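**Q** Enclosed is the structure file query-v5.txt (compact mmCIF, C-alpha atoms and all ligand atoms).
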# COMPACT_ATOMS: atom_id res chain seq x y z
CA MET A 1165 169.16 122.27 94.46
CA SER A 1166 168.10 125.32 92.52
CA PHE A 1167 168.01 125.68 88.75
CA GLN A 1168 166.41 129.12 89.00
CA GLY A 1169 166.83 130.91 85.68
CA LYS A 1170 168.50 127.90 84.06
CA VAL A 1171 167.16 126.36 80.87
CA ALA A 1172 166.57 122.61 80.52
CA VAL A 1173 165.51 120.51 77.54
CA VAL A 1174 163.99 117.03 78.05
CA THR A 1175 163.33 114.71 75.11
CA GLY A 1176 160.69 112.04 75.53
CA GLY A 1177 159.22 114.51 78.02
CA GLY A 1178 155.65 113.39 77.39
CA SER A 1179 155.79 110.18 79.40
CA GLY A 1180 157.48 108.09 82.07
CA ILE A 1181 161.04 109.05 82.99
CA GLY A 1182 161.04 112.11 80.72
CA ARG A 1183 157.86 113.54 82.20
CA ALA A 1184 159.07 112.96 85.78
CA THR A 1185 162.37 114.66 84.98
CA ALA A 1186 160.76 117.63 83.20
CA LEU A 1187 158.53 118.14 86.25
CA ALA A 1188 161.56 117.86 88.56
CA PHE A 1189 163.56 120.41 86.55
CA ALA A 1190 160.62 122.83 86.65
CA GLN A 1191 160.16 122.30 90.40
CA THR A 1192 163.73 123.45 90.96
CA GLY A 1193 163.04 126.64 88.99
CA ALA A 1194 164.31 125.69 85.52
CA LEU A 1195 162.66 127.03 82.38
CA THR A 1196 161.84 123.70 80.78
CA LEU A 1197 161.44 122.78 77.14
CA VAL A 1198 159.47 119.55 76.82
CA ALA A 1199 160.22 117.74 73.55
CA ASP A 1200 158.37 114.67 72.34
CA ILE A 1201 157.11 113.11 69.13
CA ALA A 1202 153.72 112.73 70.86
CA ARG A 1203 152.10 116.17 70.84
CA VAL A 1204 149.20 115.54 73.23
CA ALA A 1205 151.39 113.85 75.85
CA GLY A 1206 154.11 116.49 75.59
CA GLU A 1207 151.62 119.33 75.86
CA GLU A 1208 150.12 117.63 78.90
CA THR A 1209 153.54 117.64 80.62
CA ALA A 1210 153.96 121.34 79.80
CA HIS A 1211 150.46 122.02 81.23
CA LEU A 1212 151.31 120.08 84.40
CA ILE A 1213 154.40 122.25 84.86
CA GLU A 1214 152.51 125.50 84.25
CA ARG A 1215 149.69 124.41 86.60
CA ALA A 1216 152.29 123.84 89.33
CA GLY A 1217 153.59 127.40 88.80
CA GLY A 1218 156.55 126.57 86.58
CA LYS A 1219 157.49 127.76 83.11
CA ALA A 1220 157.42 125.32 80.21
CA LEU A 1221 157.36 125.20 76.45
CA PHE A 1222 156.37 122.17 74.39
CA VAL A 1223 158.12 121.68 71.06
CA LYS A 1224 157.01 118.72 68.95
CA THR A 1225 160.27 116.94 68.20
CA ASP A 1226 160.95 113.64 66.50
CA VAL A 1227 164.54 112.76 67.44
CA THR A 1228 164.92 110.86 64.16
CA CYS A 1229 164.52 114.15 62.26
CA THR A 1230 167.63 116.36 62.21
CA GLU A 1231 165.66 119.50 61.28
CA GLU A 1232 163.27 119.05 64.21
CA VAL A 1233 166.13 118.38 66.66
CA ASP A 1234 168.03 121.47 65.51
CA ALA A 1235 164.79 123.49 65.76
CA MET A 1236 164.30 122.23 69.34
CA VAL A 1237 167.59 123.79 70.46
CA VAL A 1238 166.90 126.95 68.45
CA ALA A 1239 163.51 127.22 70.20
CA ALA A 1240 165.07 126.85 73.67
CA VAL A 1241 167.55 129.64 72.93
CA ARG A 1242 164.96 131.86 71.24
CA GLU A 1243 162.38 131.50 74.03
CA PHE A 1244 164.63 131.24 77.09
CA GLY A 1245 167.93 132.79 75.96
CA ARG A 1246 170.33 129.86 76.50
CA LEU A 1247 170.64 126.13 77.15
CA ASP A 1248 172.09 124.88 80.44
CA CYS A 1249 170.87 121.28 80.78
CA ALA A 1250 169.75 118.64 78.32
CA PHE A 1251 168.28 115.22 79.07
CA ASN A 1252 168.37 113.10 75.90
CA ASN A 1253 165.91 110.45 76.92
CA ALA A 1254 163.44 109.69 74.10
CA GLY A 1255 163.51 105.99 73.41
CA VAL A 1256 161.72 102.93 72.08
CA VAL A 1257 162.11 99.21 72.75
CA ASN A 1258 160.94 96.16 70.85
CA ARG A 1259 157.82 94.75 72.47
CA ASP A 1260 158.52 91.11 71.70
CA ASN A 1261 161.59 88.96 72.17
CA ILE A 1262 163.21 88.83 68.75
CA PRO A 1263 166.29 86.61 68.44
CA LEU A 1264 169.00 88.36 66.44
CA ALA A 1265 168.65 86.26 63.29
CA GLU A 1266 164.92 87.01 63.14
CA THR A 1267 165.24 90.75 63.61
CA SER A 1268 164.25 92.60 60.44
CA GLU A 1269 166.46 95.35 59.11
CA ALA A 1270 163.53 97.76 59.50
CA GLU A 1271 163.22 96.93 63.21
CA TRP A 1272 166.98 97.32 63.74
CA ASP A 1273 166.88 100.70 61.97
CA ARG A 1274 163.81 101.86 63.95
CA ILE A 1275 165.40 101.18 67.32
CA VAL A 1276 168.90 102.39 66.51
CA ASP A 1277 167.60 105.55 64.80
CA VAL A 1278 165.71 106.65 67.92
CA ASP A 1279 167.80 105.22 70.77
CA LEU A 1280 171.32 105.85 69.43
CA LYS A 1281 171.32 108.22 66.46
CA GLY A 1282 168.59 110.28 68.12
CA VAL A 1283 170.89 110.90 71.08
CA TRP A 1284 173.71 111.79 68.69
CA ARG A 1285 171.48 114.26 66.79
CA CYS A 1286 170.42 115.91 70.06
CA MET A 1287 173.94 116.10 71.48
CA ARG A 1288 175.26 117.58 68.24
CA ALA A 1289 172.79 120.47 68.38
CA GLU A 1290 173.16 120.94 72.14
CA CYS A 1291 176.97 120.83 72.16
CA ARG A 1292 177.16 123.53 69.49
CA GLN A 1293 175.15 125.85 71.75
CA MET A 1294 176.82 124.84 75.02
CA ALA A 1295 180.32 125.15 73.52
CA GLN A 1296 179.46 128.70 72.49
CA GLN A 1297 178.29 129.44 76.05
CA GLN A 1298 181.30 127.55 77.50
CA THR A 1299 179.00 125.84 79.99
CA GLY A 1300 176.37 123.11 80.10
CA ALA A 1301 175.45 119.65 81.34
CA ILE A 1302 174.04 116.80 79.28
CA VAL A 1303 172.61 113.49 80.50
CA ASN A 1304 171.83 110.71 78.03
CA THR A 1305 169.50 107.81 78.77
CA SER A 1306 171.22 104.50 78.19
CA SER A 1307 169.98 101.43 80.09
CA ILE A 1308 171.36 98.69 82.25
CA MET A 1309 170.81 96.73 79.02
CA GLY A 1310 173.63 98.84 77.57
CA LYS A 1311 175.98 97.29 80.12
CA VAL A 1312 174.72 93.70 80.10
CA GLY A 1313 172.94 91.66 77.41
CA GLY A 1314 169.21 91.02 77.20
CA PRO A 1315 167.70 88.05 75.37
CA GLY A 1316 165.72 89.15 72.32
CA LEU A 1317 166.97 92.70 72.73
CA ALA A 1318 170.01 92.82 70.42
CA ALA A 1319 169.14 96.09 68.68
CA TYR A 1320 168.09 97.79 71.93
CA CYS A 1321 171.19 96.60 73.82
CA ALA A 1322 173.46 97.62 70.95
CA ALA A 1323 171.88 101.07 70.78
CA LYS A 1324 172.07 101.58 74.55
CA ALA A 1325 175.70 100.38 74.66
CA GLY A 1326 176.34 102.83 71.84
CA VAL A 1327 174.94 105.65 73.96
CA ILE A 1328 177.61 104.91 76.56
CA GLY A 1329 180.34 105.12 73.90
CA LEU A 1330 178.87 108.34 72.50
CA THR A 1331 178.72 109.81 75.99
CA LYS A 1332 182.34 109.03 76.83
CA SER A 1333 183.65 110.32 73.54
CA ALA A 1334 181.61 113.53 73.59
CA ALA A 1335 182.59 114.12 77.22
CA LEU A 1336 186.22 114.17 76.11
CA ASP A 1337 185.47 116.42 73.12
CA TYR A 1338 183.74 119.05 75.28
CA ALA A 1339 185.42 118.80 78.70
CA GLY A 1340 187.72 121.71 77.84
CA LEU A 1341 184.73 123.83 76.85
CA GLY A 1342 182.91 123.63 80.17
CA VAL A 1343 180.38 121.01 79.10
CA ARG A 1344 179.88 117.84 81.21
CA ILE A 1345 178.26 114.82 79.58
CA ASN A 1346 177.10 111.70 81.43
CA ALA A 1347 174.76 108.77 80.86
CA ILE A 1348 172.34 107.00 83.15
CA CYS A 1349 171.60 103.29 82.96
CA PRO A 1350 168.19 102.60 84.50
CA GLY A 1351 167.12 99.11 85.49
CA GLY A 1352 163.43 98.19 85.42
CA ILE A 1353 161.41 101.38 85.98
CA SER A 1354 157.61 101.56 86.21
CA THR A 1355 156.57 103.57 83.15
CA PRO A 1356 154.20 103.03 80.22
CA MET A 1357 157.14 101.33 78.45
CA THR A 1358 157.19 98.53 81.03
CA VAL A 1359 153.84 98.47 82.80
CA ASP A 1360 150.87 96.87 81.02
CA ALA A 1361 152.90 97.04 77.81
CA SER A 1362 152.43 93.44 76.62
CA PRO A 1363 152.49 89.96 78.18
CA THR A 1364 156.08 89.49 76.92
CA VAL A 1365 157.24 92.72 78.52
CA THR A 1366 155.39 91.93 81.77
CA GLU A 1367 157.08 88.53 81.86
CA LYS A 1368 160.49 90.12 81.18
CA MET A 1369 159.95 92.67 83.96
CA ALA A 1370 159.00 89.93 86.46
CA LEU A 1371 162.30 88.18 85.69
CA LEU A 1372 164.15 91.48 86.00
CA VAL A 1373 162.62 92.23 89.41
CA ALA A 1374 163.47 88.71 90.59
CA ALA A 1375 167.10 89.41 89.63
CA THR A 1376 167.16 92.86 91.26
CA PRO A 1377 168.79 92.87 94.73
CA LEU A 1378 166.50 95.69 95.96
CA GLY A 1379 163.58 93.45 94.90
CA ARG A 1380 161.36 95.93 93.08
CA MET A 1381 160.95 98.13 90.03
CA GLY A 1382 162.27 101.67 90.29
CA GLU A 1383 160.11 104.78 90.05
CA ALA A 1384 160.54 107.42 87.35
CA SER A 1385 161.10 110.01 90.09
CA GLU A 1386 164.17 108.06 91.26
CA ILE A 1387 165.69 108.50 87.81
CA ALA A 1388 164.69 112.17 87.74
CA ASP A 1389 166.51 112.75 91.05
CA ALA A 1390 169.73 111.34 89.60
CA VAL A 1391 169.45 113.38 86.40
CA ILE A 1392 168.89 116.61 88.33
CA TRP A 1393 171.87 115.85 90.53
CA LEU A 1394 174.11 115.05 87.55
CA CYS A 1395 173.15 118.38 85.96
CA SER A 1396 173.77 120.30 89.18
CA GLU A 1397 176.89 121.95 90.57
CA GLN A 1398 177.02 119.11 93.10
CA ALA A 1399 178.21 116.88 90.26
CA SER A 1400 180.69 119.47 88.93
CA PHE A 1401 183.63 117.01 88.74
CA ILE A 1402 181.70 114.18 87.05
CA THR A 1403 181.87 113.67 83.29
CA GLY A 1404 181.96 110.75 80.86
CA GLN A 1405 180.29 108.35 83.31
CA ALA A 1406 177.53 105.79 82.76
CA ILE A 1407 175.79 105.52 86.10
CA ALA A 1408 173.58 102.53 86.84
CA ILE A 1409 170.32 103.27 88.70
CA ASP A 1410 169.09 99.73 88.80
CA GLY A 1411 168.55 98.47 92.35
CA GLY A 1412 171.77 96.49 91.99
CA TYR A 1413 170.67 94.46 88.94
CA GLY A 1414 173.90 95.08 87.01
CA VAL A 1415 176.09 93.99 89.93
CA CYS A 1416 174.89 90.37 89.87
N1 LIG A 1501 161.29 102.02 81.82
C1 LIG A 1501 162.39 101.29 81.95
O1 LIG A 1501 162.42 100.25 82.63
C2 LIG A 1501 163.67 101.74 81.27
C3 LIG A 1501 164.85 101.08 81.63
C4 LIG A 1501 166.04 101.48 81.03
C5 LIG A 1501 166.04 102.51 80.10
N2 LIG A 1501 164.86 103.12 79.77
C6 LIG A 1501 164.93 104.21 78.80
O2 LIG A 1501 164.38 105.36 79.38
C7 LIG A 1501 163.87 106.21 78.34
C8 LIG A 1501 162.46 106.64 78.70
O3 LIG A 1501 161.66 105.46 78.75
P1 LIG A 1501 160.30 105.37 79.57
O4 LIG A 1501 160.35 104.11 80.33
O5 LIG A 1501 160.01 106.66 80.24
O6 LIG A 1501 159.31 105.11 78.33
P2 LIG A 1501 157.97 105.84 77.87
O7 LIG A 1501 157.49 105.01 76.73
O8 LIG A 1501 157.08 106.09 79.02
O9 LIG A 1501 158.50 107.25 77.31
C9 LIG A 1501 159.23 107.36 76.13
C10 LIG A 1501 158.90 108.70 75.49
O10 LIG A 1501 159.74 108.85 74.33
C11 LIG A 1501 158.92 109.40 73.31
N3 LIG A 1501 159.49 109.06 71.98
C12 LIG A 1501 159.52 107.85 71.38
N4 LIG A 1501 160.07 107.97 70.16
C13 LIG A 1501 160.39 109.28 70.00
C14 LIG A 1501 160.98 110.03 68.95
N5 LIG A 1501 161.33 109.45 67.80
N6 LIG A 1501 161.19 111.35 69.13
C15 LIG A 1501 160.82 111.95 70.31
N7 LIG A 1501 160.22 111.31 71.31
C16 LIG A 1501 160.02 109.98 71.17
C17 LIG A 1501 157.56 108.77 73.51
O11 LIG A 1501 156.53 109.48 72.84
C18 LIG A 1501 157.45 108.80 75.02
O12 LIG A 1501 156.87 110.01 75.46
C19 LIG A 1501 164.00 105.42 77.06
O13 LIG A 1501 165.17 105.82 76.39
C20 LIG A 1501 164.14 103.99 77.53
O14 LIG A 1501 164.83 103.17 76.61
C21 LIG A 1501 163.69 102.76 80.35
Is it possible to give me this structure as structure tokens?
Ligand SMILES: NC(=O)c1ccc[n+]([C@@H]2O[C@H](COP(=O)([O-])OP(=O)(O)OC[C@H]3O[C@@H](n4cnc5c(N)ncnc54)[C@H](O)[C@@H]3O)[C@@H](O)[C@H]2O)c1
**A**
Amino acid sequence: MSFQGKVAVVTGGGSGIGRATALAFAQTGALTLVADIARVAGEETAHLIERAGGKALFVKTDVTCTEEVDAMVVAAVREFGRLDCAFNNAGVVNRDNIPLAETSEAEWDRIVDVDLKGVWRCMRAECRQMAQQQTGAIVNTSSIMGKVGGPGLAAYCAAKAGVIGLTKSAALDYAGLGVRINAICPGGISTPMTVDASPTVTEKMALLVAATPLGRMGEASEIADAVIWLCSEQASFITGQAIAIDGGYGVC
């Protein structure tokens, strides 16, 4: 697959799934804008791309800030001339199991603002540009937790389920304008979010692996492969889908 001359934006590009996907886009020839709230990590991804011979730009972007999200898309168009692919992936999860009735309003707002409204902010800016171009592909990161429930994860599950709804609705809004929009629903993936995060998370991941038919965690590169494919011409008749990449976890 070649994305030579195409322009890709990846949010949460400083770590885990986002970093792996930014590197994968760049390897296929895409001009890649790495967006992250974490400057050092995001710049490191951009350096890794440049060191491997690719072209990258880091733009510090907090997806909870509308001005920064709009500026991210403006920067992609200013620097690279257009926007072909967007991976809206920045996300946070609560570290501890918090039963619904004990979840504070601040914690609910924190998670929903990044994981759901952040995706909405990004899509809004991206769709404006892609509609103008009459072409584009967007992939949003949901989670298998957006399809099933997770104990102590009410805000996260609600936000990730919301991403699936957003994806389907936006896919219908923009299908006639040449823009395809899909979501991915990863199962347990080895990233800083899940590995050595906290004893509670480690325990949760062990349970998740035990319930995963393929019997292991996934790798960030396995998610990157799916995102690249969904953005490619090989997926030209796919829109509005929420695709599980979970080793079979969601089937059980
Ligand atoms: N790792 C898993 O098992 C798993 C499973 C399902 C879904 N996901 C989802 O995949 C996405 C990536 O997760 P990951 O595992 O790579 O985690 P990660 O913690 O390694 O990476 C998340 C990145 O998002 C960035 N980020 C956080 N808040 C931000 C904000 N407000 N604005 C911009 N950037 C922000 C972080 O700085 C970090 O670089 C998340 O949406 C997560 O919910 C992960």
**Q** Counting all atoms listed in the file, which residues in chain A sit no more than 8 Å from ligand LIG 1501 (chain A)? For each one, give the nearest pair of atoms and the distance in Å, sorted by chain then residue number, as a Markdown table.
**A**
| residue | atom | partner | partner_atom | distance |
| --- | --- | --- | --- | --- |
| A:Thr1175 | CA | A:LIG1501 | N7 | 6.0 |
| A:Gly1176 | CA | A:LIG1501 | O10 | 3.5 |
| A:Gly1177 | CA | A:LIG1501 | O12 | 5.7 |
| A:Gly1178 | CA | A:LIG1501 | O12 | 4.1 |
| A:Ser1179 | CA | A:LIG1501 | O12 | 4.1 |
| A:Gly1180 | CA | A:LIG1501 | O5 | 3.4 |
| A:Ile1181 | CA | A:LIG1501 | O5 | 3.8 |
| A:Gly1182 | CA | A:LIG1501 | O5 | 5.6 |
| A:Arg1183 | CA | A:LIG1501 | O5 | 7.5 |
| A:Ala1199 | CA | A:LIG1501 | C15 | 6.7 |
| A:Asp1200 | CA | A:LIG1501 | N7 | 4.0 |
| A:Ile1201 | CA | A:LIG1501 | C15 | 4.1 |
| A:Ala1202 | CA | A:LIG1501 | O11 | 4.7 |
| A:Ala1205 | CA | A:LIG1501 | O12 | 6.7 |
| A:Gly1206 | CA | A:LIG1501 | O12 | 7.0 |
| A:Lys1224 | CA | A:LIG1501 | C15 | 7.9 |
| A:Thr1225 | CA | A:LIG1501 | C15 | 5.4 |
| A:Asp1226 | CA | A:LIG1501 | N6 | 3.5 |
| A:Val1227 | CA | A:LIG1501 | N6 | 4.0 |
| A:Thr1228 | CA | A:LIG1501 | N5 | 5.3 |
| A:Cys1229 | CA | A:LIG1501 | N5 | 7.9 |
| A:Asn1252 | CA | A:LIG1501 | O13 | 8.0 |
| A:Asn1253 | CA | A:LIG1501 | O13 | 4.7 |
| A:Ala1254 | CA | A:LIG1501 | O10 | 3.8 |
| A:Gly1255 | CA | A:LIG1501 | O13 | 3.4 |
| A:Val1256 | CA | A:LIG1501 | C12 | 5.4 |
| A:Val1257 | CA | A:LIG1501 | O14 | 6.2 |
| A:Asp1277 | CA | A:LIG1501 | N5 | 8.0 |
| A:Val1278 | CA | A:LIG1501 | N5 | 5.2 |
| A:Asp1279 | CA | A:LIG1501 | O13 | 6.2 |
| A:Gly1282 | CA | A:LIG1501 | N5 | 7.3 |
| A:Thr1305 | CA | A:LIG1501 | O13 | 5.3 |
| A:Ser1306 | CA | A:LIG1501 | C5 | 5.9 |
| A:Ser1307 | CA | A:LIG1501 | C4 | 4.1 |
| A:Ile1308 | CA | A:LIG1501 | C4 | 6.1 |
| A:Met1309 | CA | A:LIG1501 | C4 | 7.0 |
| A:Tyr1320 | CA | A:LIG1501 | O14 | 7.8 |
| A:Lys1324 | CA | A:LIG1501 | O14 | 7.7 |
| A:Cys1349 | CA | A:LIG1501 | C4 | 6.2 |
| A:Pro1350 | CA | A:LIG1501 | C4 | 4.2 |
| A:Gly1351 | CA | A:LIG1501 | C3 | 4.9 |
| A:Gly1352 | CA | A:LIG1501 | O1 | 3.6 |
| A:Ile1353 | CA | A:LIG1501 | O1 | 3.7 |
| A:Ser1354 | CA | A:LIG1501 | N1 | 5.7 |
| A:Thr1355 | CA | A:LIG1501 | O4 | 4.7 |
| A:Pro1356 | CA | A:LIG1501 | O8 | 4.4 |
| A:Met1357 | CA | A:LIG1501 | O7 | 4.1 |
| A:Thr1358 | CA | A:LIG1501 | N1 | 5.4 |
| A:Met1381 | CA | A:LIG1501 | O1 | 7.8 |
| A:Gly1382 | CA | A:LIG1501 | O1 | 7.8 |
| A:Ala1384 | CA | A:LIG1501 | O5 | 7.2 |
**Q** With C-alpha atoms retained, could you export that selection as a compact mmCIF listing (two decimals), in the frame of the given file?
**A**
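Once everything was written out, this is again_20.txt:
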# COMPACT_ATOMS: atom_id res chain seq x y z
CA THR A 1175 163.33 114.71 75.11
CA GLY A 1176 160.69 112.04 75.53
CA GLY A 1177 159.22 114.51 78.02
CA GLY A 1178 155.65 113.39 77.39
CA SER A 1179 155.79 110.18 79.40
CA GLY A 1180 157.48 108.09 82.07
CA ILE A 1181 161.04 109.05 82.99
CA GLY A 1182 161.04 112.11 80.72
CA ARG A 1183 157.86 113.54 82.20
CA ALA A 1199 160.22 117.74 73.55
CA ASP A 1200 158.37 114.67 72.34
CA ILE A 1201 157.11 113.11 69.13
CA ALA A 1202 153.72 112.73 70.86
CA ALA A 1205 151.39 113.85 75.85
CA GLY A 1206 154.11 116.49 75.59
CA LYS A 1224 157.01 118.72 68.95
CA THR A 1225 160.27 116.94 68.20
CA ASP A 1226 160.95 113.64 66.50
CA VAL A 1227 164.54 112.76 67.44
CA THR A 1228 164.92 110.86 64.16
CA CYS A 1229 164.52 114.15 62.26
CA ASN A 1252 168.37 113.10 75.90
CA ASN A 1253 165.91 110.45 76.92
CA ALA A 1254 163.44 109.69 74.10
CA GLY A 1255 163.51 105.99 73.41
CA VAL A 1256 161.72 102.93 72.08
CA VAL A 1257 162.11 99.21 72.75
CA ASP A 1277 167.60 105.55 64.80
CA VAL A 1278 165.71 106.65 67.92
CA ASP A 1279 167.80 105.22 70.77
CA GLY A 1282 168.59 110.28 68.12
CA THR A 1305 169.50 107.81 78.77
CA SER A 1306 171.22 104.50 78.19
CA SER A 1307 169.98 101.43 80.09
CA ILE A 1308 171.36 98.69 82.25
CA MET A 1309 170.81 96.73 79.02
CA TYR A 1320 168.09 97.79 71.93
CA LYS A 1324 172.07 101.58 74.55
CA CYS A 1349 171.60 103.29 82.96
CA PRO A 1350 168.19 102.60 84.50
CA GLY A 1351 167.12 99.11 85.49
CA GLY A 1352 163.43 98.19 85.42
CA ILE A 1353 161.41 101.38 85.98
CA SER A 1354 157.61 101.56 86.21
CA THR A 1355 156.57 103.57 83.15
CA PRO A 1356 154.20 103.03 80.22
CA MET A 1357 157.14 101.33 78.45
CA THR A 1358 157.19 98.53 81.03
CA MET A 1381 160.95 98.13 90.03
CA GLY A 1382 162.27 101.67 90.29
CA ALA A 1384 160.54 107.42 87.35
**Q** Rank nothing, just name the residue among A:Ala1210, A:Ala1319, A:Ala1295, A:Ala1235 nearest to A:Glu1266, using only C-alpha atoms.
**A**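 Comparing A:Ala1210, A:Ala1319, A:Ala1295, A:Ala1235 against A:Glu1266, the winner is A:Ala1319.
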**Q** Enter the distance from atom CA of A:Phe1189 to atom CA of A:Leu1341, in Å, rounded to one decimal.
**A**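 About the pair atom CA of A:Phe1189 and atom CA of A:Leu1341: they are 23.5 Å apart.
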**Q** Between atom CA of A:Glu1243 and atom CA of A:Gly1340, measure the distance and give it in Å to one decimal.
**A**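 Those two atoms sit 27.4 Å apart.
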**Q** Using only C-alpha atoms, which of A:Glu1383, A:Glu1271, A:Glu1207, A:Asp1248 sits nearest A:Val1343?
**A**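 Checking each candidate against A:Val1343, we get A:Asp1248 as the closest.
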**Q** Determine the nearest neighbour of A:Val1303 from the options A:Ala1325, A:Leu1317, A:Ala1240, A:Val1283, counting only C-alpha atoms.
**A**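 When distances to A:Val1303 are compared using only C-alpha atoms, the smallest one comes from A:Val1283.
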**Q** Of the candidates A:Thr1185, A:Asn1346, A:Thr1267, A:Gln1293, which shows the shortest atom-to-atom distance to A:Ala1318, using all atoms listed in the file?
**A**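 Comparing A:Thr1185, A:Asn1346, A:Thr1267, A:Gln1293 against A:Ala1318, the winner is A:Thr1267.
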**Q** Which of these residues is nearest to A:Ala1194, using all atoms listed in the file: A:Gly1217, A:Gly1414, A:Gly1379, A:Gly1169?
**A**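 Looking at the shortest contact to A:Ala1194, the residue is A:Gly1169.
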**Q** Set the distance at 6 Å and use only C-alpha atoms: which residues neighbour stretch 1396-1408 of chain A once local chain neighbours fewer than 3 positions away are removed? I'd like the list as a PyMOL selection string.
**A** chain A and resi 1331-1332+1335+1344-1350+1393
**Q** Using Å and a single decimal, report how far atom CA of A:Ala1390 sits from atom CA of A:Leu1187.
**A** 13.5 Å
**Q** Would you mind telling me which residue in A:Ile1262, A:Phe1222, A:Cys1395, A:Cys1321 lies nearest to A:Phe1167 when using only C-alpha atoms?
**A** A:Cys1395
**Q** Up to 12 Å from (152.7, 123.1, 90.8) in the file's coordinates: name the residues, counting only C-alpha atoms, as an NGL selection string.
**A** :A and (1187-1193 or 1209-1220)
**Q** Taking every listed atom of stretch 1369-1384 of chain A and adding 6 Å to each side, what centre and edge lengths in Å (one decimal) does the axis-aligned box have, as lines of an AutoDock Vina configuration file?
**A**
center_x = 163.9
center_y = 97.8
center_z = 90.0
size_x = 21.8
size_y = 31.2
size_z = 24.0
**Q** Can you tell me, as an NGL selection string, what residues are no more than 9 Å from A:Cys1286 when counting all atoms listed in the file, ignoring any on the same chain fewer than 5 positions away?
**A** :A and (1175 or 1227 or 1230 or 1233-1234 or 1236-1237 or 1250 or 1252 or 1281 or 1291)
